[in-house]
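What follows is one structure encoded as structure tokens, with my remarks underneath.
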Amino acid sequence: MRALHVDGLTARGRGGLVLGPLSLHVEPGEVLAVVGSTGAGKSLLLAALAGLAPADRAHDLLVGMVFQSAALDDAVSAFDNVARATRARATPLPEVAARDALIAVGLGDALHLLPRQLSGGMRRRVALARALAVLPELLLLDDPTAGLDPRTTREVVALALRKGPDAPPVVLATNDLDGVVPRADRVLVLERGRAAFIGTPAELAQHEVARAFAPRPDLAPRLAEARWPF
């Protein structure tokens with residue numbers, strides 16, 4: 001696995017939002033959580049890294065992405081949603097890769113179910129399987145726990161943020177300060193498209209910018225005591 005390295009990344013979004021310039025370095029197996037208020041540029045950053053928004057200083061890593069809405073085709077099965085991606089990316093043994101990815105996220109018994117037959121958490125797992133099945137060199141997650149209950153949140157986070165020598169660098173946008181940010185290795189705080197802070201969750205807990213995202217007194221100790229695994 002290679003590291004994600006971009007220097008001076010810029011992108012332009014809707015409403016005139018300008019992202020950057022940002023410089024990012026994320027090692028294989030490292031998780032960078034991106035937080036910020038609405039309109040800060042979180043989704044624009046992911047879109048730029050995924051090649052879905054015009055950007056300068058892009059990278060050449062193969063991307064797997066999980067969208068907040070899951071973005072599944074409701075007309076075909078969970079298996080076909082994943083297999084379409086593996087075929088399009090010319091993944092070796094695409095049908096096998098699709099099946100194995102769904103089994104890995106706990107959906108081995110749901111291969112032939114339609115997305116509308118699945119719960120919200122299961123749909124998010126299908127989207128995660130689709131992203132992982134293409135053997136990405138960079139995994140992007142857009143608010144992967146939005147709308148999920150605490151138990152499902154823990155399950156999805158555990159699957160998405162697995163550590164290991166073959167794990168890709170992970171960049172995720174999130175508003176979940178309880179379930180996700182403490183599990184990250186580093187946190188990037190965006191304000192109007194610019195980096196207001198980058199550091200560990202513990203360092204964020206001591207930084208003045210944390211007041212905007214962690215006004216509750218119980219969150220600062222949680223960030224400061226963040227440990228992996230959980």
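Letters A, B, ... go to the chains of the structure tokens in the order shown; residues in each chain start at 1; ligands are counted from 1 in the same order.
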
Would you list the contacts of Arg87 in chain A as a PyMOL selection string, taking every protein, DNA or RNA residue within 12 Å and counting only C-alpha atoms, but skipping same-chain residues closer than 3 positions in sequence?
-> chain A and resi 79-84+90-98+130+133-134

Store the residues picked out above, limited to N, CA and C atoms, as an mmCIF file, in the first residue's frame.
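Everything below was put into again05.cif:
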```cif
data_model
loop_
_atom_site.group_PDB
_atom_site.id
_atom_site.type_symbol
_atom_site.label_atom_id
_atom_site.label_comp_id
_atom_site.auth_asym_id
_atom_site.auth_seq_id
_atom_site.Cartn_x
_atom_site.Cartn_y
_atom_site.Cartn_z
ATOM 1 N N PHE A 79 -25.497 -8.189 -4.229
ATOM 2 C CA PHE A 79 -24.356 -8.770 -4.948
ATOM 3 C C PHE A 79 -24.084 -8.014 -6.244
ATOM 4 N N ASP A 80 -25.123 -7.741 -7.015
ATOM 5 C CA ASP A 80 -24.928 -7.070 -8.297
ATOM 6 C C ASP A 80 -24.439 -5.632 -8.116
ATOM 7 N N ASN A 81 -24.860 -4.972 -7.047
ATOM 8 C CA ASN A 81 -24.360 -3.633 -6.778
ATOM 9 C C ASN A 81 -22.843 -3.654 -6.592
ATOM 10 N N VAL A 82 -22.371 -4.661 -5.901
ATOM 11 C CA VAL A 82 -20.925 -4.758 -5.659
ATOM 12 C C VAL A 82 -20.206 -5.281 -6.899
ATOM 13 N N ALA A 83 -20.774 -6.275 -7.554
ATOM 14 C CA ALA A 83 -20.124 -6.877 -8.724
ATOM 15 C C ALA A 83 -19.993 -5.889 -9.879
ATOM 16 N N ARG A 84 -20.942 -4.977 -10.008
ATOM 17 C CA ARG A 84 -20.821 -3.955 -11.049
ATOM 18 C C ARG A 84 -19.534 -3.148 -10.860
ATOM 19 N N ALA A 90 -12.173 -3.754 -13.271
ATOM 20 C CA ALA A 90 -11.361 -4.890 -13.726
ATOM 21 C C ALA A 90 -10.642 -5.555 -12.559
ATOM 22 N N THR A 91 -11.343 -5.684 -11.441
ATOM 23 C CA THR A 91 -10.798 -6.382 -10.285
ATOM 24 C C THR A 91 -10.631 -7.860 -10.636
ATOM 25 N N PRO A 92 -9.521 -8.495 -10.266
ATOM 26 C CA PRO A 92 -9.362 -9.918 -10.559
ATOM 27 C C PRO A 92 -10.510 -10.730 -9.976
ATOM 28 N N LEU A 93 -11.031 -11.691 -10.754
ATOM 29 C CA LEU A 93 -12.151 -12.525 -10.337
ATOM 30 C C LEU A 93 -13.258 -11.660 -9.732
ATOM 31 N N PRO A 94 -13.879 -10.805 -10.528
ATOM 32 C CA PRO A 94 -14.782 -9.789 -9.989
ATOM 33 C C PRO A 94 -15.966 -10.343 -9.201
ATOM 34 N N GLU A 95 -16.560 -11.467 -9.652
ATOM 35 C CA GLU A 95 -17.696 -12.033 -8.931
ATOM 36 C C GLU A 95 -17.247 -12.595 -7.582
ATOM 37 N N VAL A 96 -16.093 -13.229 -7.558
ATOM 38 C CA VAL A 96 -15.560 -13.758 -6.307
ATOM 39 C C VAL A 96 -15.234 -12.623 -5.352
ATOM 40 N N ALA A 97 -14.633 -11.560 -5.882
ATOM 41 C CA ALA A 97 -14.287 -10.415 -5.046
ATOM 42 C C ALA A 97 -15.536 -9.780 -4.449
ATOM 43 N N ALA A 98 -16.604 -9.687 -5.248
ATOM 44 C CA ALA A 98 -17.857 -9.104 -4.765
ATOM 45 C C ALA A 98 -18.457 -9.954 -3.649
ATOM 46 N N ARG A 130 -18.814 -2.641 -1.481
ATOM 47 C CA ARG A 130 -18.529 -2.193 -2.854
ATOM 48 C C ARG A 130 -17.220 -1.422 -2.911
ATOM 49 N N ALA A 133 -14.272 -3.984 -2.200
ATOM 50 C CA ALA A 133 -14.111 -5.082 -3.149
ATOM 51 C C ALA A 133 -13.170 -4.741 -4.296
ATOM 52 N N VAL A 134 -13.031 -3.459 -4.612
ATOM 53 C CA VAL A 134 -12.163 -3.071 -5.730
ATOM 54 C C VAL A 134 -10.705 -2.959 -5.312
#
```

DSSP says helix (DSSP H, G or I) for which residues of range 105-222 of chain A? Put them as a PyMOL selection string?
-> chain A and resi 115-117+120-133+150-160+181-183+201-205+208-212+219-222

Distance query Gly108 in chain A at most 10 Å, only C-alpha atoms, self and fewer than 6 positions along chain excluded, as a ChimeraX atom specification | /A:79,99-102

Which is closer to Leu148 in chain A than all the others in A:Met122, A:Leu46, A:Leu72, A:Leu24, using only C-alpha atoms?
-> A:Met122

From the list A:Lys42, A:Arg12, A:Arg123, A:His5, which residue is nearest Asn175 in chain A when using only C-alpha atoms?
->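 Distance minimum relative to Asn175 in chain A lands on A:Lys42.
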
Within 9 Å of Glu27 in chain A using only C-alpha atoms, minus same-chain residues under 5 positions, as a ChimeraX atom specification = /A:1-5,168-170

Work out how far apart CA of Thr38 in chain A and CA of Ala173 in chain A are and give it in Å to one decimal.
-> 11.4 Å

Just give me the gap between CA of Ala85 in chain A and CA of Ser119 in chain A in Å, one decimal is fine.
->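 Pair CA of Ala85 in chain A / CA of Ser119 in chain A returns 21.4 Å.
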
How far is it from CA of Asp185 in chain A to CA of Pro201 in chain A, in Å with one decimal?
->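 Atom-to-atom, CA of Asp185 in chain A to CA of Pro201 in chain A, that is 7.2 Å.
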
Residue contacts of His59 in chain A (12 Å, only C-alpha atoms) excluding same-chain residues fewer than 4 positions away, as a ChimeraX atom specification | /A:2-9,23-25,48-51,55,63,137-138

Write a file of the selected residues as a CSV table (one decimal), in the first residue's frame, keeping N, CA, C and O atoms.
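What landed in result_16.csv:
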```
chain,number,residue,atom,x,y,z
A,2,ARG,N,0.4,2.3,-0.7
A,2,ARG,CA,1.1,3.5,-0.7
A,2,ARG,C,0.4,4.6,0.1
A,2,ARG,O,-0.8,4.4,0.4
A,3,ALA,N,1.1,5.6,0.6
A,3,ALA,CA,0.5,6.7,1.3
A,3,ALA,C,-0.2,7.6,0.4
A,3,ALA,O,0.1,7.8,-0.8
A,4,LEU,N,-1.2,8.3,0.9
A,4,LEU,CA,-1.8,9.4,0.2
A,4,LEU,C,-1.0,10.7,0.5
A,4,LEU,O,-0.7,11.0,1.7
A,5,HIS,N,-0.6,11.3,-0.6
A,5,HIS,CA,0.2,12.6,-0.4
A,5,HIS,C,-0.2,13.6,-1.5
A,5,HIS,O,-0.1,13.3,-2.7
A,6,VAL,N,-0.8,14.6,-1.0
A,6,VAL,CA,-1.2,15.8,-1.9
A,6,VAL,C,-0.6,17.0,-1.3
A,6,VAL,O,-0.6,17.2,-0.1
A,7,ASP,N,-0.1,17.9,-2.1
A,7,ASP,CA,0.5,19.1,-1.7
A,7,ASP,C,-0.1,20.3,-2.4
A,7,ASP,O,-0.1,20.3,-3.7
A,8,GLY,N,-0.8,21.2,-1.7
A,8,GLY,CA,-1.4,22.3,-2.3
A,8,GLY,C,-2.7,22.0,-3.1
A,8,GLY,O,-3.0,22.6,-4.1
A,9,LEU,N,-3.5,21.1,-2.5
A,9,LEU,CA,-4.7,20.7,-3.2
A,9,LEU,C,-5.7,21.8,-3.1
A,9,LEU,O,-5.9,22.4,-2.1
A,23,SER,N,-2.5,20.5,2.2
A,23,SER,CA,-1.5,19.5,2.0
A,23,SER,C,-1.8,18.4,3.0
A,23,SER,O,-2.0,18.6,4.2
A,24,LEU,N,-1.9,17.2,2.5
A,24,LEU,CA,-2.3,16.0,3.3
A,24,LEU,C,-1.3,14.9,3.1
A,24,LEU,O,-0.9,14.6,1.9
A,25,HIS,N,-1.0,14.2,4.2
A,25,HIS,CA,-0.2,13.0,4.1
A,25,HIS,C,-0.8,12.0,5.0
A,25,HIS,O,-0.9,12.2,6.2
A,48,ALA,N,-13.0,16.0,-4.3
A,48,ALA,CA,-11.8,16.3,-5.0
A,48,ALA,C,-10.8,15.1,-4.9
A,48,ALA,O,-10.2,14.7,-5.9
A,49,LEU,N,-10.7,14.4,-3.8
A,49,LEU,CA,-9.8,13.3,-3.7
A,49,LEU,C,-10.3,12.1,-4.5
A,49,LEU,O,-9.5,11.3,-5.0
A,50,ALA,N,-11.7,12.0,-4.7
A,50,ALA,CA,-12.2,10.9,-5.5
A,50,ALA,C,-12.2,11.2,-7.0
A,50,ALA,O,-12.6,10.4,-7.8
A,51,GLY,N,-11.8,12.4,-7.4
A,51,GLY,CA,-11.9,12.8,-8.8
A,51,GLY,C,-13.2,13.2,-9.3
A,51,GLY,O,-13.5,13.2,-10.5
A,55,ALA,N,-10.0,19.5,-9.5
A,55,ALA,CA,-9.0,19.8,-8.4
A,55,ALA,C,-7.6,19.9,-9.0
A,55,ALA,O,-7.3,19.2,-9.9
A,63,VAL,N,-9.3,4.6,-5.9
A,63,VAL,CA,-10.2,5.1,-4.8
A,63,VAL,C,-11.4,4.1,-4.6
A,63,VAL,O,-12.0,3.7,-5.6
A,137,GLU,N,-6.7,1.7,-3.0
A,137,GLU,CA,-5.4,2.2,-2.4
A,137,GLU,C,-5.7,3.4,-1.5
A,137,GLU,O,-4.9,3.9,-0.8
A,138,LEU,N,-7.0,3.9,-1.6
A,138,LEU,CA,-7.4,5.0,-0.7
A,138,LEU,C,-8.9,4.8,-0.5
A,138,LEU,O,-9.7,4.6,-1.4
```

Skip Ala195 in chain A itself and residues of its chain fewer than 2 positions away, then list as a list of chain:residue names all residues within 10 Å of it, counting only C-alpha atoms.
-> A:Leu19, A:Gly20, A:Pro21, A:Leu22, A:Ser23, A:Val34, A:Gly36, A:Ala40, A:Gly41, A:Leu188, A:Val189, A:Leu190, A:Glu191, A:Arg192, A:Gly193, A:Phe197, A:Ile198

Emit the selected residues as a PDB file, in the first residue's frame, including C-alpha atoms.
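Saved file selection_25.pdb follows:
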```pdb
ATOM      1  CA  LEU A  19     -11.098  24.510  -0.832  1.00  0.00           C
ATOM      2  CA  GLY A  20      -7.471  24.838   0.090  1.00  0.00           C
ATOM      3  CA  PRO A  21      -4.729  24.956  -0.608  1.00  0.00           C
ATOM      4  CA  LEU A  22      -4.413  21.852   1.553  1.00  0.00           C
ATOM      5  CA  SER A  23      -1.495  19.506   2.015  1.00  0.00           C
ATOM      6  CA  VAL A  34     -12.411  15.521   8.642  1.00  0.00           C
ATOM      7  CA  GLY A  36     -16.315  21.081  10.227  1.00  0.00           C
ATOM      8  CA  ALA A  40     -16.804  24.034   5.579  1.00  0.00           C
ATOM      9  CA  GLY A  41     -15.714  21.883   2.639  1.00  0.00           C
ATOM     10  CA  LEU A 188      -8.558  17.762  10.259  1.00  0.00           C
ATOM     11  CA  VAL A 189     -10.853  20.660  11.128  1.00  0.00           C
ATOM     12  CA  LEU A 190     -12.008  22.673   8.127  1.00  0.00           C
ATOM     13  CA  GLU A 191     -13.308  26.231   8.298  1.00  0.00           C
ATOM     14  CA  ARG A 192     -14.490  27.807   5.039  1.00  0.00           C
ATOM     15  CA  GLY A 193     -12.318  25.446   3.014  1.00  0.00           C
ATOM     16  CA  PHE A 197      -6.424  22.380  12.858  1.00  0.00           C
ATOM     17  CA  ILE A 198      -4.794  19.030  12.165  1.00  0.00           C
TER      18      ILE A 198
END
```

Sel. of strand (DSSP E or B) residues, range 23-106 of chain A, as a PyMOL selection string = chain A and resi 23-26+31-35+55-56+63-66

What lies within 9 Å of Val66 in chain A using only C-alpha atoms, ignoring chain neighbours under 2 positions off, as JSON, numbers by chain?
-> {"A": [64, 68, 69, 70, 71, 124, 127, 128, 130, 131, 139, 140, 141, 142, 143, 144]}
